[in-house]
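Colleague: Dropping the structure in here first, questions after.
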Amino acid sequence: MNHNELVGWAEQHEECAVVILRNSTDYYRSQARIEINKEIIAQRTPHIREIWSRGDSMLERSLYLVHLTDWVSCYLADRKAIDAVEVNVINHLKGSLAKLGERWHSSASALFMMERGYR
């Protein structure tokens with residue numbers, strides 16, 4: 001969590017919940033930051049939940065959280081009668097990015113290309 005995320009909690013939001021994805025091997029300063037943020041957010045909502053990753057390797061722990069949160073998003077979409085497969089907003093994003101040029105589809109690929117001297 002950073003400055004921008006905390007600014008959104010300047011007022012009471014008791015109807016909102018915060019879900020924090022945790023990993024026991026996170027850097028100690030990141031763990032401390034989360035604990036401090038929890039204290040701040042707890043003043044605005046009582047609904048704070050943590051989900052701790054599981055697995056023996058970083059890959060297993062990462063995939064655990066990805067897999068779990070994918071299923072949670074499907075469950076919530078079903079519960080709210082929202083089509084979780086609808087992709088119009090994704091198609092709009094892809095179309096807008098395509099207008100920027102084929103080589104720059106994401107910031108990650110842009111950094112990769114720039115590091116290798118491509119323009």
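Letters A, B, ... mark the chains of the structure tokens in the order given; residue numbers begin at 1 per chain; ligand numbers begin at 1, in order shown.
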For Trp52 of chain A, find every residue with an atom within 7 Å (counting only C-alpha atoms), except residues of its own chain fewer than 6 positions away, and show them as a list in words.
Modeller: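 Final neighbour list, sorted by chain and number: Leu21, Arg22 and Asn23 of chain A.
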Colleague: Enumerate, as a PyMOL selection string, the complete set of residues in chain A that a backbone-based DSSP assignment places in alpha helix (DSSP H).
Modeller: chain A and resi 3-7+28-42+58-79+88-98+107-115
Colleague: According to DSSP computed on the backbone, where in segment 4-93 of chain A is there strand (DSSP E)? Give the residues as a ChimeraX atom specification.
Modeller: /A:18-22,48-52
Colleague: Keeping C-alpha atoms for every residue in the selection just given, could you write it to a file as a CSV table (one decimal), in the first residue's frame?
Modeller:
```csv
chain,number,residue,atom,x,y,z
A,18,VAL,CA,-10.1,-4.5,2.6
A,19,VAL,CA,-8.5,-7.7,1.6
A,20,ILE,CA,-4.7,-7.8,2.0
A,21,LEU,CA,-2.8,-10.5,0.2
A,22,ARG,CA,0.1,-11.6,2.4
A,48,ILE,CA,-10.0,-6.0,7.1
A,49,ARG,CA,-9.2,-9.5,6.1
A,50,GLU,CA,-5.8,-11.1,5.3
A,51,ILE,CA,-5.2,-13.9,3.0
A,52,TRP,CA,-1.8,-15.6,3.4
```
Colleague: List as a count of residues only the protein and nucleic acid residues near segment 6-9 of chain A, meaning an atom at most 8 Å away when only C-alpha atoms are counted, but skip any in the same chain fewer than 4 places from it.
Modeller: 6
Colleague: State, in Å with one decimal place, the distance from atom CA of Ile82 of chain A to atom CA of Leu68 of chain A.
Modeller: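 Spanning atom CA of Ile82 of chain A to atom CA of Leu68 of chain A is a straight-line distance of 18.8 Å.
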Colleague: Just the residues within 12 Å of Ser73 of chain A, please, counting only C-alpha atoms, with nothing from its chain fewer than 6 positions along; format it as a ChimeraX atom specification.
Modeller: /A:66-67,79-85
Colleague: Since we have the selection now, will you write its residues out, keeping N, CA and C atoms, as a PDB file, in the first residue's frame?
Modeller:
```pdb
ATOM      1  N   VAL A  66      -3.090 -16.064  -6.909  1.00  0.00           N
ATOM      2  CA  VAL A  66      -3.719 -15.797  -8.208  1.00  0.00           C
ATOM      3  C   VAL A  66      -4.930 -16.707  -8.398  1.00  0.00           C
ATOM      4  N   HIS A  67      -4.736 -17.987  -8.151  1.00  0.00           N
ATOM      5  CA  HIS A  67      -5.805 -18.968  -8.320  1.00  0.00           C
ATOM      6  C   HIS A  67      -6.983 -18.656  -7.400  1.00  0.00           C
ATOM      7  N   ARG A  79     -22.578 -14.096  -7.863  1.00  0.00           N
ATOM      8  CA  ARG A  79     -23.467 -13.633  -6.796  1.00  0.00           C
ATOM      9  C   ARG A  79     -24.160 -12.323  -7.158  1.00  0.00           C
ATOM     10  N   LYS A  80     -23.480 -11.470  -7.928  1.00  0.00           N
ATOM     11  CA  LYS A  80     -24.056 -10.185  -8.333  1.00  0.00           C
ATOM     12  C   LYS A  80     -24.711 -10.253  -9.713  1.00  0.00           C
ATOM     13  N   ALA A  81     -24.783 -11.447 -10.281  1.00  0.00           N
ATOM     14  CA  ALA A  81     -25.371 -11.660 -11.605  1.00  0.00           C
ATOM     15  C   ALA A  81     -24.663 -10.823 -12.674  1.00  0.00           C
ATOM     16  N   ILE A  82     -23.349 -10.823 -12.602  1.00  0.00           N
ATOM     17  CA  ILE A  82     -22.519 -10.116 -13.583  1.00  0.00           C
ATOM     18  C   ILE A  82     -21.835 -11.162 -14.445  1.00  0.00           C
ATOM     19  N   ASP A  83     -21.792 -10.910 -15.742  1.00  0.00           N
ATOM     20  CA  ASP A  83     -21.137 -11.833 -16.662  1.00  0.00           C
ATOM     21  C   ASP A  83     -19.622 -11.698 -16.509  1.00  0.00           C
ATOM     22  N   ALA A  84     -19.002 -12.682 -15.885  1.00  0.00           N
ATOM     23  CA  ALA A  84     -17.558 -12.640 -15.641  1.00  0.00           C
ATOM     24  C   ALA A  84     -16.747 -12.870 -16.904  1.00  0.00           C
ATOM     25  N   VAL A  85     -17.396 -13.314 -17.966  1.00  0.00           N
ATOM     26  CA  VAL A  85     -16.694 -13.622 -19.213  1.00  0.00           C
ATOM     27  C   VAL A  85     -16.744 -12.443 -20.189  1.00  0.00           C
TER      28      VAL A  85
END
```
Colleague: Work out how far apart atom CA of Asp26 of chain A and atom CA of Ser57 of chain A are and give it in Å to one decimal.
Modeller: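 Going from atom CA of Asp26 of chain A over to atom CA of Ser57 of chain A covers 12.6 Å.
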Colleague: Nearest to Ala10 of chain A: which of A:Ala98, A:Ile40, A:Cys74, A:Ala32 is it, counting only C-alpha atoms?
Modeller: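 That would be A:Ile40, the residue with the smallest distance to Ala10 of chain A.
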Colleague: Grab the atom CA of Glu15 of chain A to atom CA of Gln31 of chain A distance for me, in Å with one decimal place.
Modeller: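 Going from atom CA of Glu15 of chain A over to atom CA of Gln31 of chain A covers 25.7 Å.
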